[in-house]
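For reference, the structure discussed in these notes is given below.
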Amino acid sequence: MERGMTSIVKTTTRLICGVVFIFGLYLIVHGHLSPGGGFAGGTVMAGAFILLVLAFGDDIRHLRIIEEGSSTLENLAILLFLLLGVSGMAIGAGVFFGNYLETGQAGDLLSAGIIPVGNILIGIEVAAALFTVFLAFVIFKEEEQ
Amino acid sequence: MILYILCFILFLVGLYGVITRRNVIKIVLGICIMEYSMNLLLVLIGYVEGGIAPIVVKGVEDTNFVDPLPQAMVLTVIVIGLATTAMLLAIAIRVYKKHGTFDIREIKNLKG
Amino acid sequence: MMKAWIPIFVILPLAGAFLIPIISRYFSRFGRILAPLIMLILTGLGIMFFFREEPVLIYHIGGWKLYKGIPVGIQFVVDGLGVLMLAVINLVGFLAAFYSISYLSKYTGEKYFFALFCLMVAGMNGVVITGDLFNLFVFLEIAVIASYALVAFGIEKEELEASFKYQVLGGVASLFVLLGIAIIYWQTGTLNIADVAMLLRESDSSQVLVFVQILLIAGFGLKAAMIPFHAWLPDAHSSAPSPISAMLSGVLIKAVGVYAIMRLFFNMFTMNYEISMLITVIGTVSMVGGVLLAVGQWDLKRLLAYHSISQMGYVVLGIGMGMVILSVDGNRAVAALAIFGGLYHMVNHAVFKGLLFLNAGAIEYKTGTRMLRELGGLSENMPLTASTSLSASMAISGIPPFNGFFSKLIIIMAAVQGRFYLMALLAVIVSIITLASFMKVHRYAFSGVPRFKNKKLFGEAPFTMALPMVVLALLCLGLSLLVIPSVRNIFLTPAVDALINTLNYAKPILEL
């Protein structure tokens, strides 16, 4: 049996998944200027990866390796986010999550201190977490058969 | 005012689903409906008459904004709801594998 | 200064929870070293906070100061009640983590256990130190979702069913709490506990606030396992692995159930006679119902779980009586005595119920069963377990000189002085039935001839399981010292003051 879905789905996925990924990245990076931010952008980015696995399918050994890597990436992203908060205690105002990078003009892309950095880390974390949950379900189902 | 009452009715519909349905997946869906109704209620609470979206645009003076705090709350509640649903479904599929059925009236090993 | 160490209570377990799975791939014993170490550091820090310089320590996250007298950020607040809860949570957590070093040899997936354990402790620490309503909800969800996963850790049939039932009921309760918080935000326009306290005192209480209070009692009451919301507790606490049962029964139902009720109803809402009587009646019904349901049980851990409902009924009874007396402007000394009894019993219950569950775990580890009819004669084979279990049973039944006697006596004295004669009589009767129930446990499990199948499994529990049990048994005796006035003024009187003088929480936060 051929793996994955029909060829219409596969072709459309090849065209679309890059656009979805870039859109998710846009939502994350512009989180301090327009609605979105880490959570929403991370979910859309995870959607791009999940679309790939759903459309093309994969064998279970490869999926297990990917799941381990995704889980490690998620843990690392959260540790870096905590480090960002703790670094606020060391530099600048000396409080947890103190905003110590410069805040520029409202409306610029590089403004608002540590908030864009936090958004990027949260975006990576949410995307990795959603992808890990999805892969865990798929591996559980493949193991049964 | 009617919108708040409709949100509350949606909450009660979800609660009815959790209480009366027998299939495990329908119970999970009932909890999801309750969460959606909570998100709607939170966004409704922040509404200001004639307000616009709370985004600061360069060159425009501060105008009548909708309350942005409930919108931040809703983002967090959506992610918490995701974690809750993922936990429930993970346990539900393992229950199916061990007991062989999705009917909660059959899954009654613990009594007393 | 001490203020800067407050976020450590949340940062350190959170960092540990996400570090353990990464490093355990290369270094597989890492979890069982790091988790007890983190808990030990937190316990030391918590006990150090008893000797702080100011009575209320406030930490502004992100450095957001007050803007024209309105708190605009999230604050972490440590007052007398908070530091008491922190010390209890982290001490019992350390002993349970140390115990699980050898208990987990029967399970696979050890790294996930310690990661989830640290996550649960981070959530509980966050609940007791936060000063913001929505932050309370987020930390509550973190702690509770970690506990759902820990209850189902063994992936047997019964554990999965218990975890599913716990999750559905717990999820509905969390949504009730969220609905209550949303309506509070709607009425007052702010989420900060101190700010809401001030605003609610300026306007009078309307029908909507009574509805909110009932929603919050339903939501937090389910987390605190009050009757009629208790249906999840016997299954969840008896099917979980034993150190997790000790944590759930000993700490989680207090930190996210009773603590939230105390903080919100004393320091935030204005006192209302009907709501206070409702809380007192719920406490009394739980006290009586829990012990009556416990008497007929033959499964050791299920019996202990029903007794948890009964003892938490004592705590809620003490707190409720204090609220009733304060709401009618009665004798403040009697109210202080009732609240003191309730808080003291909460601390005692964490210690002796934790010890009882660890004992049940040691019995199950060595003999493979926990049904009382199949055990017997364990006092020759496992002398340490038998003697610590005897001291815990005497403590829970209220026999002097153990700690349970003093706390139950104080609650009964406060009930008599406050003219709650029926509650005092029921408390005495429940105490006698508790004694009968634990005499049954000792007769079947420890004395008599051995009845269990595999007689080769003699011997005492390993060292890492025996040491926490001995420490808790010594604490059962040592906590009796808390009635001495000089000792109690350091530990318990600040907590009682923080609740009785209801604006002692809001004023330091707003006038900064």
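By convention here, the chains of the structure tokens are called A, B, ... in the order presented, each chain's residues are numbered starting at 1, and ligands are numbered starting at 1 in the order presented.
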
Query raised in the report: Quick one: which residues from chain C are at most 9 Å off chain A, using only C-alpha atoms, as a PyMOL selection string?
Result: chain C and resi 4+7+11+14-15+17-19+21-22+59-64

Query raised in the report: Quick one: which residues from chain B are at most 9 Å off chain C, using only C-alpha atoms, as number ranges by chain?
Result: B: 15, 18, 27-28, 31, 34-35, 38, 41-42, 45-46, 70, 73, 76-77, 80, 83-84, 87-88, 91-92, 94-95, 98-99, 107-112

Limited to N, CA and C atoms, could you put the picked residues into a file as a tab-separated table (two decimals), in the first residue's frame?
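Saved the output as selection-v3.tsv:
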chain	number	residue	atom	x	y	z
B	15	LEU	N	-21.61	21.16	30.30
B	15	LEU	CA	-21.74	20.45	31.57
B	15	LEU	C	-22.73	19.30	31.43
B	18	VAL	N	-20.97	16.41	29.81
B	18	VAL	CA	-20.07	15.67	30.69
B	18	VAL	C	-20.85	14.76	31.60
B	27	ILE	N	-17.47	12.74	26.55
B	27	ILE	CA	-17.19	13.46	27.79
B	27	ILE	C	-16.06	14.46	27.56
B	28	VAL	N	-15.02	14.03	26.85
B	28	VAL	CA	-13.91	14.94	26.55
B	28	VAL	C	-14.40	16.13	25.73
B	31	ILE	N	-16.08	18.71	27.94
B	31	ILE	CA	-15.14	19.60	28.62
B	31	ILE	C	-14.60	20.64	27.66
B	34	MET	N	-17.08	23.41	27.27
B	34	MET	CA	-17.07	24.31	28.42
B	34	MET	C	-15.91	25.30	28.33
B	35	GLU	N	-14.75	24.82	27.88
B	35	GLU	CA	-13.62	25.74	27.76
B	35	GLU	C	-13.89	26.80	26.71
B	38	MET	N	-15.96	29.51	28.09
B	38	MET	CA	-15.22	30.39	28.98
B	38	MET	C	-14.41	31.40	28.19
B	41	LEU	N	-16.72	34.09	26.94
B	41	LEU	CA	-17.16	34.99	28.01
B	41	LEU	C	-16.07	35.99	28.36
B	42	LEU	N	-14.81	35.49	28.41
B	42	LEU	CA	-13.71	36.39	28.77
B	42	LEU	C	-13.55	37.50	27.74
B	45	ILE	N	-16.27	40.12	28.07
B	45	ILE	CA	-16.19	41.00	29.23
B	45	ILE	C	-15.37	42.23	28.90
B	46	GLY	N	-14.36	42.07	28.02
B	46	GLY	CA	-13.50	43.20	27.76
B	46	GLY	C	-14.04	44.19	26.75
B	70	PRO	N	-8.33	40.90	28.98
B	70	PRO	CA	-8.97	39.60	28.78
B	70	PRO	C	-8.44	38.87	27.56
B	73	MET	N	-5.59	36.96	28.73
B	73	MET	CA	-6.06	35.83	29.54
B	73	MET	C	-6.54	34.71	28.64
B	76	THR	N	-3.79	32.49	27.26
B	76	THR	CA	-3.28	31.53	28.23
B	76	THR	C	-4.28	30.40	28.45
B	77	VAL	N	-5.59	30.74	28.52
B	77	VAL	CA	-6.57	29.69	28.81
B	77	VAL	C	-6.65	28.72	27.64
B	80	ILE	N	-3.84	26.30	28.17
B	80	ILE	CA	-4.14	25.37	29.27
B	80	ILE	C	-5.17	24.34	28.81
B	83	ALA	N	-3.48	21.64	26.92
B	83	ALA	CA	-2.79	20.65	27.77
B	83	ALA	C	-3.79	19.70	28.41
B	84	THR	N	-4.93	20.24	28.89
B	84	THR	CA	-5.95	19.39	29.52
B	84	THR	C	-6.49	18.38	28.52
B	87	MET	N	-3.95	15.61	27.77
B	87	MET	CA	-3.89	14.64	28.88
B	87	MET	C	-5.09	13.70	28.85
B	88	LEU	N	-6.30	14.28	28.70
B	88	LEU	CA	-7.51	13.46	28.71
B	88	LEU	C	-7.47	12.44	27.58
B	91	ILE	N	-4.97	9.53	28.20
B	91	ILE	CA	-5.49	8.51	29.10
B	91	ILE	C	-6.64	7.74	28.43
B	92	ALA	N	-7.45	8.44	27.62
B	92	ALA	CA	-8.60	7.77	27.02
B	92	ALA	C	-8.16	6.68	26.05
B	94	ARG	N	-5.40	4.99	26.17
B	94	ARG	CA	-4.85	3.85	26.90
B	94	ARG	C	-5.94	3.06	27.59
B	95	VAL	N	-6.99	3.76	28.06
B	95	VAL	CA	-8.13	3.04	28.65
B	95	VAL	C	-8.76	2.14	27.61
B	98	LYS	N	-6.69	-0.98	27.19
B	98	LYS	CA	-6.71	-1.94	28.29
B	98	LYS	C	-8.08	-2.58	28.46
B	99	HIS	N	-9.14	-1.79	28.35
B	99	HIS	CA	-10.46	-2.33	28.64
B	99	HIS	C	-11.19	-2.79	27.39
B	107	ILE	N	-16.43	0.34	32.43
B	107	ILE	CA	-15.11	0.51	33.03
B	107	ILE	C	-15.32	0.76	34.51
B	108	LYS	N	-15.52	-0.32	35.29
B	108	LYS	CA	-15.88	-0.09	36.68
B	108	LYS	C	-15.12	-1.05	37.57
B	109	ASN	N	-13.78	-1.06	37.46
B	109	ASN	CA	-13.03	-1.97	38.32
B	109	ASN	C	-12.99	-1.52	39.76
B	110	LEU	N	-12.99	-0.20	39.97
B	110	LEU	CA	-12.83	0.31	41.33
B	110	LEU	C	-14.19	0.60	41.92
B	111	LYS	N	-14.50	-0.04	43.02
B	111	LYS	CA	-15.83	0.14	43.63
B	111	LYS	C	-15.66	0.37	45.11
B	112	GLY	N	-16.71	0.85	45.73
B	112	GLY	CA	-16.75	0.87	47.19
B	112	GLY	C	-16.23	2.13	47.81

**Report entry** Test item: chain B residues at most 8 Å from chain A, counting only C-alpha atoms, as a PyMOL selection string
**Finding:** chain B and resi 55-58+75+79+86+90

Report task. DSSP on the backbone, then: every residue of region 23-144 of chain A marked helix (DSSP H, G or I), written as an MDAnalysis selection string. Result -> chainID A and resid 23:29 38:56 60:90 115:144

**Report entry** Polymer residues at most 9 Å from Tyr36 (chain B), only C-alpha atoms, same-chain spacing of 3 or more positions, as a PyMOL selection string
**Finding:** chain B and resi 10-11+31-33+39-41+78+81
